[in-house]
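Notes follow the structure.
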Amino acid sequence: MAQKRKIGVYVCHCGGNISDYVNVEEVVEGVKNEPGVEVAKTHMFSCSDAAQQLMIDEIKEKKLDGVVVASCSPKLHMFTFRGMSERAGLNPYQYVQVNLREQCSWAHTNDKIGATEKGINLVRAGIAKCVLSHSLTAIRIETKPSALVIGAGISGMRAAVSLADMGLAVHIIEKEEEAGGWALKTALMGPEAQNGPDIAAKLIERIKQHDNIMLYTGAELTEKNGNIGDFNVKVRIKDGSEVEINIGAIIVTTGFDTYVPQEGEYGWGMDGVVELKDFRKMLNDGKVERNGKPVKDVVFIYCVGSRQKQTETCENPNSYCSRYCCTATTFTAKTLHALEEKTGQNVNQYHLYRDIRTYGKMETVYEEARNGGALFLRWDPENPPVVSEEDGRLLVKVQDELDGNDEIEIGADMVVLSTGMRPRDNEALDSILKIPVSKDGFLSEIHIKLRPVETVIDGVFIAGAAQSPKTLAESVASSLAAVAKTGGLLKKGYVDLEPLIAKVYEDKCTWCDECLKACPYGAIEKTVCGDKEIAMVIDALCKGEGACVPVCPHDAIDIEGYRDDQIVAMIDASIKDYSKAESA
Amino acid sequence: MSKVSSELAAKLKQSTEFNAEACYHCGTCTALCPMGYEVLPRKLFREAMLGLEEKVKARIPEIYQCLLCRMCEENCPQDVHIAENVRYLRNLINKEEMNLIK
Amino acid sequence: MPLPIAPILGILADNIKQRGSVLPISKKASTGWAKGLNLPKGGDTVIYTGQMYQLIPAIDAMSKQMAMFEESPITKLFGLGRFANKIINLSFFMSLMASKDMKVENNRILKNITGLLKKTGVEFGYLYEDDMYSGALIYDEGLDEIFVPHAKKVFEKLKKNGVKKIITVDPHTTNMMRDIYPKVVPGYDIEVQSYMEVLAEKAPEVLKQCNKELVIHDSCVYARYENMVDQPRELLKNAGIDIKLPELSGKSTHCCGGPIEALFPKKAHEIAGNRIEQLSEEGKDIVTMCPICLVNLRKAAKGKDCQLKDISDTLADAYL
């Protein structure tokens, strides 16, 4: 130790949450003589403004160079006290929090003496860690004022336009020859009969007119390097050549695929059994016909390819609900009613559903479908409808749960399968981007509720149906959420990253590549130092998660804030004999 | 097994008098029916709407036993005009099954 | 074997078509009650009976005989009966067996209602033989194609007599003439009020406080079709009646079984029995406000410790 540390130790009562079980005065007594401790005392509520001010004054007055607060979980107040330290002129990384509440008083309410003893040991460990702490600075990265959007469906295009409106340069790439995505192929959409191609055409027009947007169709991402705020990507474009683009963030809006039924699934493959999207096309052209004859009876089967259970014929079931299909199908019923009114062609509609999920404002679509005369029959997944062919007509057998499970036979001219969404098969892209894929195959967010468009890769966001099945409106909402996150990141001009990351001891490292193999974030690179090859940490990519540390055969890599020497000192301090310390 | 008659289904669909599409099968009507028949009125309407002709024919006694007292209708959460629907079915049967109206 | 639906409905339909009523009765039976009341024929406002109270004794007699046929092999011959009824007024002969007491009671009810209306100062006449049956039963049975021409005929009679407003005396006629006729008769413009609505509006003076308990049996049609729940209660309350209500009352009143009396007498009796049980739990004296309820419930109350009366009897006691 170069010089004697001056550490302030503050033990919190937490109003009794701690002090009812841990004798906080005894804790102060037990730690005040630890090496480096300049001052040790208690506070009723350390997090209160008054207590924080007292601590700030003391840090300044006694010129403390380290602070330990023994209070609650760092999840609750670590940032509070880091902020306090900063305001007192202390480096925030020289602050250490000891969890005396969740990990001590609340856990040992039946043993006050034991709790107090453990409390002393925990605080001693915290002091030992603090003694070995040094000041660290956040890693600041300058961000490039440009973004890449992958996928030019409605979500991607909407994101591109909004980013460009913020004054950011946007590159948007699309695998298909044409931008527009599924909306381009979907005519009228529920709940209010918006026209898909129109919506797509308007966005394409805006993209083409916008000076800040570059659209590449027939293009694919081939390489991604760099880190948040400063990515370098390569894109193969239509003519086969590659362009290099430098951007600050990436939004992935690769969308979904439609479920294609298996041969024989609900009659798939029989003449007259069609997918919803094809039926809608037919409806949009105003001709609901089969083999040139007007369709009189049509059966819709819901939940095809969604909410599946594992069976012999379905090994990898799609367990999710595809969200859009109930609305799309009931909306189709409505459109069909409108056609009937216009042309006088009477069509009997039988909707075989499991549960109707026309949530939110879409409920009225379901209501209108029913009121127009569409009939709804509910089936149990144990007894799914069976489609067969008889004399050139289709025959659907279903056990109607609403009529006492009686088997009902419906003769139909057409059977429409309301097929769900499935994740895009984008293995190559996923591995370039390194975004984790969830169990169901959609891209994974960090937190489904609180961080729905962020991924574990800083600077890479996901939106639209690439993340999970969504309606168009929901996709746009999530793409604009990704825009907000991207804009917030890039418009600020820089990003500060936590410095508690890996560091390599150049003298010990011999480059064996074990750390590289262990790192899930690709944050290790080989570099040359003097005359030898060693590992180097890419600061912006490292998350300080520590997978590299235990695999290193030479102890040549450490995580700041959790260095080996700190951990060892903490263990030593916490197992010191209490009674001896007392007598000393 | 009951077969759907697309003609009957179409007839009921086009009728402005018969209207049970809003029914969501809560069963309040059945629970309140003084006649205590399990079928009246929600199942009956469903069978009629689906065009299950044979089933509807088998219900003729029940259709004429309805008291039209509207106990069900008063409490129907979906405002289905139940009594009027029963009357409509009677009219249909009078005409097509019983040949009463010439 | 249950009663055959088609021939019975056929007889009702034929009667309406040929004879203007589901069960044709003599002129004396239908207008005799007004004898000596000096009601002018026709006028702006008339009391309109729709023959409901007058028909009850005949219907009762007929259904008693029908009930005997229910579950008997004779039902097979009903088709023949319809054929015969077309030639000779069979149902009329059956109605000749109507109970005399019942006729007297129903005539008294109509007289009482007339007296109550006169007391309000409202001026009104009576249509005598032009006071026709409304067609309620054939409408309920779904015989629309026969009902509609009949309703038009009824309206013609009203117009012929210069009637602008009718005061009805029973729930079924009230509902038909107020809610159904406007839907099926073009140009129908008759104002309809039930006599209890008129009484509640005019609130005539009570001459004698009754000071007794009465159980009300609400009519389904008044309560649920016509939204008429408060008026009878108000009139009885003013007369000093302590009103008792069964759990199922007002908008949740329970049917008397009457509507299916013609086709399913046994079932109708069962329903009436259930209702009597509910009513008699509240008290011995029960009032009804519909001739069908009265006759049906009374049959079910036979041998039970309770009496049924038309509400107009009680009102007459207090107000006249």
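The chains in the structure tokens are called A, B, ... from first to last as shown; in each chain the residues are counted from 1, and the ligands are counted from 1 in the order shown.
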Exercise for the section: Could the residues of chain B within 12 Å of chain C, counting only C-alpha atoms, be given as a ChimeraX atom specification, please? Expected result: /B:32-37,60-75,81,83-102
Practice task
List every residue of stretch 30-159 of chain C that DSSP, applied to the backbone of this structure, places in strand (DSSP E), and write the result as a PyMOL selection string.
Solution key: chain C and resi 45-48+125-126
Save out the residues we just selected, N, CA, C and O atoms, as an mmCIF file, in the first residue's frame.
data_model
loop_
_atom_site.group_PDB
_atom_site.id
_atom_site.type_symbol
_atom_site.label_atom_id
_atom_site.label_comp_id
_atom_site.auth_asym_id
_atom_site.auth_seq_id
_atom_site.Cartn_x
_atom_site.Cartn_y
_atom_site.Cartn_z
ATOM 1 N N THR C 45 -112.187 9.253 -27.775
ATOM 2 C CA THR C 45 -111.533 8.329 -26.859
ATOM 3 C C THR C 45 -112.498 7.209 -26.519
ATOM 4 O O THR C 45 -113.669 7.480 -26.231
ATOM 5 N N VAL C 46 -112.009 5.975 -26.569
ATOM 6 C CA VAL C 46 -112.888 4.855 -26.184
ATOM 7 C C VAL C 46 -112.154 3.921 -25.227
ATOM 8 O O VAL C 46 -110.922 3.844 -25.243
ATOM 9 N N ILE C 47 -112.950 3.231 -24.421
ATOM 10 C CA ILE C 47 -112.375 2.141 -23.644
ATOM 11 C C ILE C 47 -112.272 0.968 -24.606
ATOM 12 O O ILE C 47 -113.185 0.716 -25.399
ATOM 13 N N TYR C 48 -111.106 0.294 -24.618
ATOM 14 C CA TYR C 48 -110.914 -0.777 -25.588
ATOM 15 C C TYR C 48 -110.587 -2.073 -24.861
ATOM 16 O O TYR C 48 -109.531 -2.213 -24.252
ATOM 17 N N GLY C 125 -116.063 6.689 -24.977
ATOM 18 C CA GLY C 125 -117.156 5.842 -25.449
ATOM 19 C C GLY C 125 -116.722 4.392 -25.484
ATOM 20 O O GLY C 125 -115.717 4.008 -24.881
ATOM 21 N N TYR C 126 -117.502 3.583 -26.203
ATOM 22 C CA TYR C 126 -117.196 2.156 -26.325
ATOM 23 C C TYR C 126 -117.597 1.747 -27.740
ATOM 24 O O TYR C 126 -118.516 2.320 -28.325
#
Problem - Per-residue DSSP, chain B, filtered to helix (DSSP H, G or I), as an NGL selection string - result: :B and (6-14 or 28-32 or 42-50 or 53-58 or 60-65 or 71-75 or 82-96)
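Atom CA of A:Glu265 to atom CA of A:Leu394 spans 14.0 Å [interatomic distance, one decimal].
You will find atom CA of A:Tyr266 at 5.5 Å from atom CA of A:Val387.
For A:Thr186, the non-local neighbours within 9 Å, defined as residues at least 2 positions apart in the same chain or in other chains and counting only C-alpha atoms, are A:Trp182, A:Ala183, A:Leu184, A:Leu188, A:Met189, A:Asn195, A:Gly196, A:Pro197, A:Lys277, A:Arg280, A:Lys281.
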Counting only C-alpha atoms, what are the residues of chain B within 9 Å of chain A, and for each of them which pair of atoms is the nearest and at what distance in Å, to one decimal? Sort the table by chain and rising number, as a tab-separated table.
residue	atom	partner	partner_atom	distance
B:Met1	CA	A:Glu407	CA	4.9
B:Ser2	CA	A:Ile408	CA	4.9
B:Lys3	CA	A:Glu409	CA	4.7
B:Val4	CA	A:Ile410	CA	5.3
B:Ser5	CA	A:Ile410	CA	8.1
B:Ser6	CA	A:Asn348	CA	7.1
B:Ala9	CA	A:Asn348	CA	7.2
B:Ala10	CA	A:Asn348	CA	6.3
B:Leu12	CA	A:Gly373	CA	8.6
B:Lys13	CA	A:Gly373	CA	5.3
B:Gln14	CA	A:Gly373	CA	7.9
B:Asn19	CA	A:Asn371	CA	8.1
B:Ala20	CA	A:Asn371	CA	8.4
B:Glu21	CA	A:Asn371	CA	5.4
B:Ala22	CA	A:Asn371	CA	6.3
B:Tyr24	CA	A:Leu402	CA	8.9
B:His25	CA	A:Leu402	CA	7.0
B:Lys43	CA	A:Asp403	CA	6.3
B:Arg46	CA	A:Asp403	CA	7.4
B:Glu47	CA	A:Asp403	CA	7.8
B:Met49	CA	A:Leu375	CA	7.5
B:Leu50	CA	A:Leu375	CA	7.0
B:Leu52	CA	A:Ile408	CA	8.3
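Picture a line from atom CA of A:Met270 to atom CA of A:Ser322; it runs 24.5 Å.
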